[in-house]
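K.L.:
This is model-v7.txt, which holds compact mmCIF, C-alpha atoms:
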# COMPACT_ATOMS: atom_id res chain seq x y z
CA MET S 213 0.00 0.00 0.00
CA ALA S 214 2.84 2.39 0.84
CA SER S 215 4.35 1.72 -2.59
CA ASP S 216 1.01 2.64 -4.18
CA TYR S 217 1.00 5.97 -2.36
CA GLY S 218 4.60 6.52 -3.42
CA ARG S 219 3.61 5.87 -7.03
CA ILE S 220 0.74 8.35 -6.74
CA ALA S 221 3.14 10.97 -5.40
CA ARG S 222 5.73 10.32 -8.10
CA ASP S 223 3.11 10.38 -10.85
CA GLY S 224 1.75 13.72 -9.69
CA LEU S 225 5.07 15.42 -9.09
CA TRP S 226 7.05 14.05 -12.01
CA ASP S 227 6.06 11.02 -14.12
CA ASN S 228 2.62 12.33 -15.15
CA ASN S 229 3.09 16.00 -14.35
CA GLY S 230 0.05 17.83 -15.72
CA VAL S 231 2.07 20.55 -17.46
CA LEU S 232 5.35 18.87 -18.37
CA CYS S 233 3.90 15.50 -19.46
CA MET S 234 0.20 15.80 -20.28
CA LEU S 235 0.41 19.46 -21.41
CA LEU S 236 -2.85 20.28 -19.62
CA GLY S 237 -3.76 23.63 -18.08
CA MET S 238 -1.61 25.53 -20.55
CA CYS S 239 -3.80 28.66 -20.45
CA PRO S 240 -2.93 29.58 -16.82
CA THR S 241 0.57 28.22 -17.39
CA MET S 242 1.23 30.74 -20.13
CA ALA S 243 -0.66 33.65 -18.55
CA MET S 244 0.29 33.41 -14.87
CA THR S 245 3.98 32.52 -14.98
CA THR S 246 5.39 35.99 -15.53
CA SER S 247 6.86 35.59 -12.04
CA ALA S 248 7.52 32.74 -9.66
CA THR S 249 5.15 34.29 -7.12
CA ASN S 250 2.25 34.37 -9.56
CA GLY S 251 2.91 30.80 -10.66
CA PHE S 252 3.13 29.60 -7.07
CA GLY S 253 -0.15 31.29 -6.13
CA MET S 254 -1.99 29.99 -9.20
CA GLY S 255 -0.67 26.50 -8.61
CA LEU S 256 -1.73 26.38 -4.97
CA ALA S 257 -5.24 27.60 -5.83
CA THR S 258 -5.54 24.85 -8.42
CA ALA S 259 -4.12 22.25 -6.02
CA ALA S 260 -6.72 23.12 -3.37
CA VAL S 261 -9.51 22.73 -5.93
CA MET S 262 -8.13 19.41 -7.19
CA ALA S 263 -7.72 17.90 -3.72
CA ALA S 264 -11.23 18.86 -2.61
CA SER S 265 -12.86 17.80 -5.90
CA ASN S 266 -11.10 14.42 -5.95
CA LEU S 267 -12.19 13.81 -2.38
CA LEU S 268 -15.86 14.58 -3.09
CA VAL S 269 -16.02 12.55 -6.29
CA ALA S 270 -14.40 9.56 -4.58
CA LEU S 271 -16.91 9.81 -1.71
CA PHE S 272 -19.93 9.86 -4.00
CA ARG S 273 -18.66 7.87 -6.98
CA GLU S 274 -21.09 5.01 -6.36
CA ARG S 275 -24.03 7.42 -6.65
CA ILE S 276 -22.83 9.32 -9.71
CA THR S 277 -24.20 7.60 -12.81
CA GLN S 278 -22.34 7.43 -16.10
CA GLU S 279 -24.94 9.54 -17.88
CA VAL S 280 -24.58 12.60 -15.64
CA ARG S 281 -20.99 12.24 -14.45
CA ILE S 282 -19.48 15.10 -16.51
CA PRO S 283 -22.06 17.73 -15.44
CA VAL S 284 -21.67 16.56 -11.83
CA TYR S 285 -17.89 16.80 -12.04
CA ILE S 286 -18.12 20.33 -13.43
CA LEU S 287 -20.57 21.31 -10.70
CA ILE S 288 -18.27 19.95 -7.98
CA VAL S 289 -15.21 21.71 -9.43
CA ALA S 290 -17.20 24.95 -9.78
CA ALA S 291 -18.29 24.76 -6.14
CA MET S 292 -14.71 24.21 -4.97
CA VAL S 293 -13.45 27.04 -7.18
CA THR S 294 -16.03 29.36 -5.64
CA LEU S 295 -14.82 28.47 -2.14
CA VAL S 296 -11.18 29.03 -3.11
CA ASP S 297 -12.09 32.29 -4.85
CA LEU S 298 -13.91 33.65 -1.79
CA THR S 299 -11.16 32.47 0.57
CA MET S 300 -8.42 34.14 -1.45
CA ASN S 301 -10.47 37.32 -1.73
CA ALA S 302 -10.76 37.40 2.05
CA TRP S 303 -7.27 36.30 3.14
CA LEU S 304 -4.95 36.86 0.15
CA HIS S 305 -6.59 39.83 -1.47
CA GLU S 306 -3.49 41.20 -3.23
CA LEU S 307 -2.77 37.82 -4.83
CA TYR S 308 -6.47 37.50 -5.63
CA LYS S 309 -6.33 40.76 -7.58
CA VAL S 310 -3.27 39.62 -9.52
CA LEU S 311 -4.71 36.22 -10.47
CA GLY S 312 -8.05 37.81 -11.27
CA LEU S 313 -10.16 35.95 -13.82
CA PHE S 314 -7.87 32.93 -13.85
CA ILE S 315 -9.20 31.72 -10.49
CA PRO S 316 -12.78 31.21 -11.80
CA LEU S 317 -11.29 29.77 -15.00
CA ILE S 318 -9.95 26.81 -13.00
CA VAL S 319 -13.41 25.36 -13.71
CA SER S 320 -12.47 25.07 -17.39
CA ASN S 321 -8.95 23.80 -16.68
CA CYS S 322 -8.65 20.33 -18.22
CA LEU S 323 -6.39 18.97 -15.48
CA PRO S 324 -8.91 18.78 -12.56
CA LEU S 325 -11.60 17.23 -14.79
CA ALA S 326 -9.10 14.77 -16.28
CA ARG S 327 -8.07 13.50 -12.84
CA LEU S 328 -11.69 13.17 -11.73
CA GLU S 329 -12.48 11.05 -14.77
CA ALA S 330 -9.27 9.03 -14.82
CA PHE S 331 -8.67 8.46 -11.09
CA ALA S 332 -11.15 9.75 -8.50
CA ALA S 333 -14.17 8.15 -10.21
CA LYS S 334 -12.52 4.72 -9.96
CA GLU S 335 -10.44 4.71 -6.78
CA PRO S 336 -11.08 4.85 -2.99
CA VAL S 337 -11.15 8.06 -1.01
CA LEU S 338 -7.60 8.25 0.38
CA PRO S 339 -5.76 7.47 -2.87
CA SER S 340 -8.05 9.92 -4.68
CA LEU S 341 -7.31 12.65 -2.15
CA LEU S 342 -3.56 12.01 -2.47
CA ASP S 343 -3.82 12.03 -6.26
CA GLY S 344 -5.50 15.44 -6.13
CA ILE S 345 -2.91 16.80 -3.72
CA PHE S 346 0.16 15.56 -5.61
CA MET S 347 -1.21 16.36 -9.07
CA GLY S 348 -1.92 19.85 -7.75
CA LEU S 349 1.54 20.13 -6.22
CA GLY S 350 3.09 18.94 -9.48
CA PHE S 351 1.13 21.64 -11.29
CA THR S 352 2.35 24.18 -8.71
CA LEU S 353 5.94 23.01 -9.11
CA ALA S 354 5.79 23.34 -12.89
CA LEU S 355 4.21 26.82 -12.81
CA THR S 356 6.66 28.04 -10.18
CA ALA S 357 9.66 26.72 -12.11
CA ILE S 358 8.50 28.26 -15.39
CA GLY S 359 7.70 31.52 -13.61
CA ALA S 360 11.10 31.53 -11.92
CA VAL S 361 12.99 31.14 -15.20
CA ARG S 362 10.91 33.80 -16.93
CA GLU S 363 11.22 36.21 -14.00
CA ILE S 364 14.98 35.81 -13.60
CA LEU S 365 15.68 36.30 -17.30
CA GLY S 366 12.94 38.86 -17.89
CA ALA S 367 13.24 41.04 -14.78
CA GLY S 368 16.36 39.86 -12.94
CA THR S 369 14.38 39.08 -9.78
CA LEU S 370 13.01 35.96 -8.10
CA PHE S 371 9.73 35.85 -6.16
CA ALA S 372 9.25 39.59 -6.54
CA ASP S 373 6.45 40.99 -4.33
CA ALA S 374 6.13 37.69 -2.45
CA SER S 375 5.66 39.55 0.83
CA LEU S 376 2.87 41.64 -0.69
CA LEU S 377 1.04 38.83 -2.49
CA LEU S 378 1.61 35.89 -0.13
CA GLY S 379 2.22 37.63 3.20
CA PRO S 380 5.13 39.14 5.19
CA ALA S 381 6.41 35.66 6.10
CA PHE S 382 7.48 35.14 2.48
CA ARG S 383 9.74 38.19 2.33
CA PHE S 384 12.83 35.97 2.56
CA LEU S 385 12.04 34.60 -0.92
CA GLU S 386 12.47 37.98 -2.63
CA LEU S 387 15.83 38.06 -4.39
CA ARG S 388 17.64 40.15 -6.99
CA ILE S 389 19.47 37.68 -9.24
CA LEU S 390 20.54 39.76 -12.24
CA PRO S 391 21.07 43.50 -12.75
CA ALA S 392 17.94 45.24 -13.97
CA ASP S 393 19.65 46.44 -17.15
CA SER S 394 20.48 42.86 -18.21
CA ALA S 395 16.86 41.68 -18.27
CA VAL S 396 15.34 40.31 -21.49
CA LEU S 397 11.83 41.75 -21.74
CA MET S 398 10.67 39.04 -24.16
CA MET S 399 10.84 36.43 -21.39
CA ILE S 400 7.95 37.97 -19.45
CA LEU S 401 5.89 38.40 -22.63
CA PRO S 402 3.84 35.57 -24.23
CA PRO S 403 6.68 34.32 -26.51
CA GLY S 404 8.85 33.84 -23.43
CA GLY S 405 6.16 31.68 -21.83
CA PHE S 406 5.95 29.33 -24.80
CA LEU S 407 9.73 29.18 -25.16
CA THR S 408 10.33 28.43 -21.46
CA ALA S 409 7.56 25.82 -21.22
CA GLY S 410 8.77 24.07 -24.36
CA LEU S 411 12.38 23.94 -23.17
CA MET S 412 11.28 22.56 -19.79
CA VAL S 413 9.24 19.81 -21.45
CA VAL S 414 12.30 18.87 -23.52
CA ALA S 415 14.58 18.99 -20.46
CA LYS S 416 12.26 16.68 -18.51
CA ARG S 417 12.14 14.16 -21.33
CA ILE S 418 15.93 14.18 -21.61
CA LEU S 419 16.22 13.53 -17.86
CA ASP S 420 13.68 10.71 -18.10
CA VAL S 421 15.56 9.09 -20.98
CA ARG S 422 18.86 9.32 -19.13
CA ALA S 423 17.31 7.95 -15.95
CA GLY S 424 15.83 5.04 -17.93
CA LYS S 425 19.21 4.25 -19.48
CA GLY S 426 20.83 4.40 -16.05
CA ILE S 427 18.31 1.89 -14.67
CA GLN S 428 18.85 -0.42 -17.64
CA MET S 429 22.64 -0.30 -17.22
CA ALA S 430 22.35 -0.98 -13.49
CA GLY S 431 20.11 -3.95 -14.20
CA ALA S 432 22.54 -5.31 -16.80
CA HIS S 433 25.47 -5.06 -14.36
CA SER S 434 23.51 -6.81 -11.61
CA VAL S 435 22.63 -9.69 -13.97
CA ALA S 436 26.25 -9.96 -15.05
Could you write out this structure as structure tokens?
P.N.:
Amino acid sequence: MASDYGRIARDGLWDNNGVLCMLLGMCPTMAMTTSATNGFGMGLATAAVMAASNLLVALFRERITQEVRIPVYILIVAAMVTLVDLTMNAWLHELYKVLGLFIPLIVSNCLPLARLEAFAAKEPVLPSLLDGIFMGLGFTLALTAIGAVREILGAGTLFADASLLLGPAFRFLELRILPADSAVLMMILPPGGFLTAGLMVVAKRILDVRAGKGIQMAGAHSVA
């Protein structure tokens, strides 16, 4: 059982990462990764929705018929998005203003609906909850990494305005990496988003191929 949970965690964070493997949720990925802070906030909002939605679908999966499952899934995701939207408006208002329309648009994000259909509708409650959490964290990791690269190259900073958007406790994350006059403006514009995301997808696949070759070589040596 522990190995199953480990597989769920690895799938969500790396092997089946929603952005870097399945290429889902690309709209917020392109729009909200102009900085690491924005990507981190967008990712956490999506992760909260995914965890709660997976939990509810797993709880009621025996009562959700095949004919109405998609409308029910959308209704559940919409309800969770509304809760997250209201919570962020109340407690993280500055971040809420930055993310704006993209919080309600989580309803139309393919990743939460894909996990409900592929996993939560078929699995027990705890694995479904963990799948939602780790898929959401994998999404957060990808958005934060893309945002970090774009922000460093495009503005020379890292986690700019973290104390304002996330709270004073996150001030330690704010860094100046490159001089302001060395920034490449294109990286925080739409072309920079596509370029960075594409290079990260390629980099992940290269790492996966190398890791696979390493495992094969280790297996061959052990047999020998």
K.L.:
Could you check which residues have any atom within 12 Å of (3.8, 14.3, -12.1), counting all atoms listed in the file with coordinates taken straight from the file, and then list them as an MDAnalysis selection string?
P.N.:
chainID S and resid 218:236 323 327 343:354 416
K.L.:
Could you tell me how far CA of Met300 in chain S sits from CA of Ala270 in chain S, in Å to one decimal place?
P.N.:
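Going from CA of Ala270 in chain S over to CA of Met300 in chain S covers 25.5 Å.
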K.L.:
Can you tell me, as an MDAnalysis selection string, what residues are no more than 12 Å from Ala332 in chain S when counting only C-alpha atoms, ignoring any on the same chain fewer than 5 positions away?
P.N.:
chainID S and resid 262:274 276 281 285 324:327 337:345 347
K.L.:
Give the answer as one residue: which of S:Val289, S:Ala409, S:Ala333, S:Ala415 has the shortest atom-to-atom distance to Ala243 in chain S, using only C-alpha atoms?
P.N.:
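Going through S:Val289, S:Ala409, S:Ala333, S:Ala415 one by one, the smallest distance to Ala243 in chain S is for S:Ala409.
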K.L.:
What are the closest atom pairs, with distances in Å to one decimal, for all residues of range 246-358 of chain S lying within 12 Å of range 399-406 of chain S? Consider all atoms listed in the file, order rows by chain and residue number, and present the result as JSON lines.
P.N.:
{"residue": "S:Thr246", "atom": "CA", "partner": "S:Ile400", "partner_atom": "CA", "distance": 5.1}
{"residue": "S:Ser247", "atom": "CA", "partner": "S:Ile400", "partner_atom": "CA", "distance": 7.9}
{"residue": "S:Ala248", "atom": "CA", "partner": "S:Ile400", "partner_atom": "CA", "distance": 11.1}
{"residue": "S:Asn250", "atom": "CA", "partner": "S:Ile400", "partner_atom": "CA", "distance": 12.0}
{"residue": "S:Gly251", "atom": "CA", "partner": "S:Gly405", "partner_atom": "CA", "distance": 11.7}
{"residue": "S:Leu355", "atom": "CA", "partner": "S:Gly405", "partner_atom": "CA", "distance": 10.4}
{"residue": "S:Ala357", "atom": "CA", "partner": "S:Gly405", "partner_atom": "CA", "distance": 11.5}
{"residue": "S:Ile358", "atom": "CA", "partner": "S:Gly405", "partner_atom": "CA", "distance": 7.7}
K.L.:
Show me a table, sorted first by chain and then by increasing residue number, of the residues of range 273-327 of chain S having an atom at most 8 Å from range 376-397 of chain S, each with its shortest atom pair and the distance in Å to one decimal, counting only C-alpha atoms and written as a Markdown table.
P.N.:
| residue | atom | partner | partner_atom | distance |
| --- | --- | --- | --- | --- |
| S:Leu304 | CA | S:Leu378 | CA | 6.6 |
| S:His305 | CA | S:Leu377 | CA | 7.8 |
| S:Glu306 | CA | S:Leu377 | CA | 5.2 |
| S:Leu307 | CA | S:Leu377 | CA | 4.6 |
K.L.:
So, with only C-alpha atoms as the atoms that count, which of S:Thr258, S:Gln278, S:Thr299, S:Thr245 lies closest to Ile315 in chain S?
P.N.:
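With only C-alpha atoms as the atom set, the closest residue is S:Thr258.
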K.L.:
Record the distance separating CA of Met412 in chain S and CA of Gly424 in chain S, expressed in Å with one decimal.
P.N.:
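Between these atoms lies a distance of 18.2 Å.
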K.L.:
Go ahead and fit an axis-aligned box to every listed atom of range 228-233 of chain S plus 6 Å each side, and pass me the centre and edge lengths in Å, one decimal, as lines of an AutoDock Vina configuration file.
P.N.:
center_x = 2.7
center_y = 16.4
center_z = -16.9
size_x = 17.3
size_y = 20.2
size_z = 17.1
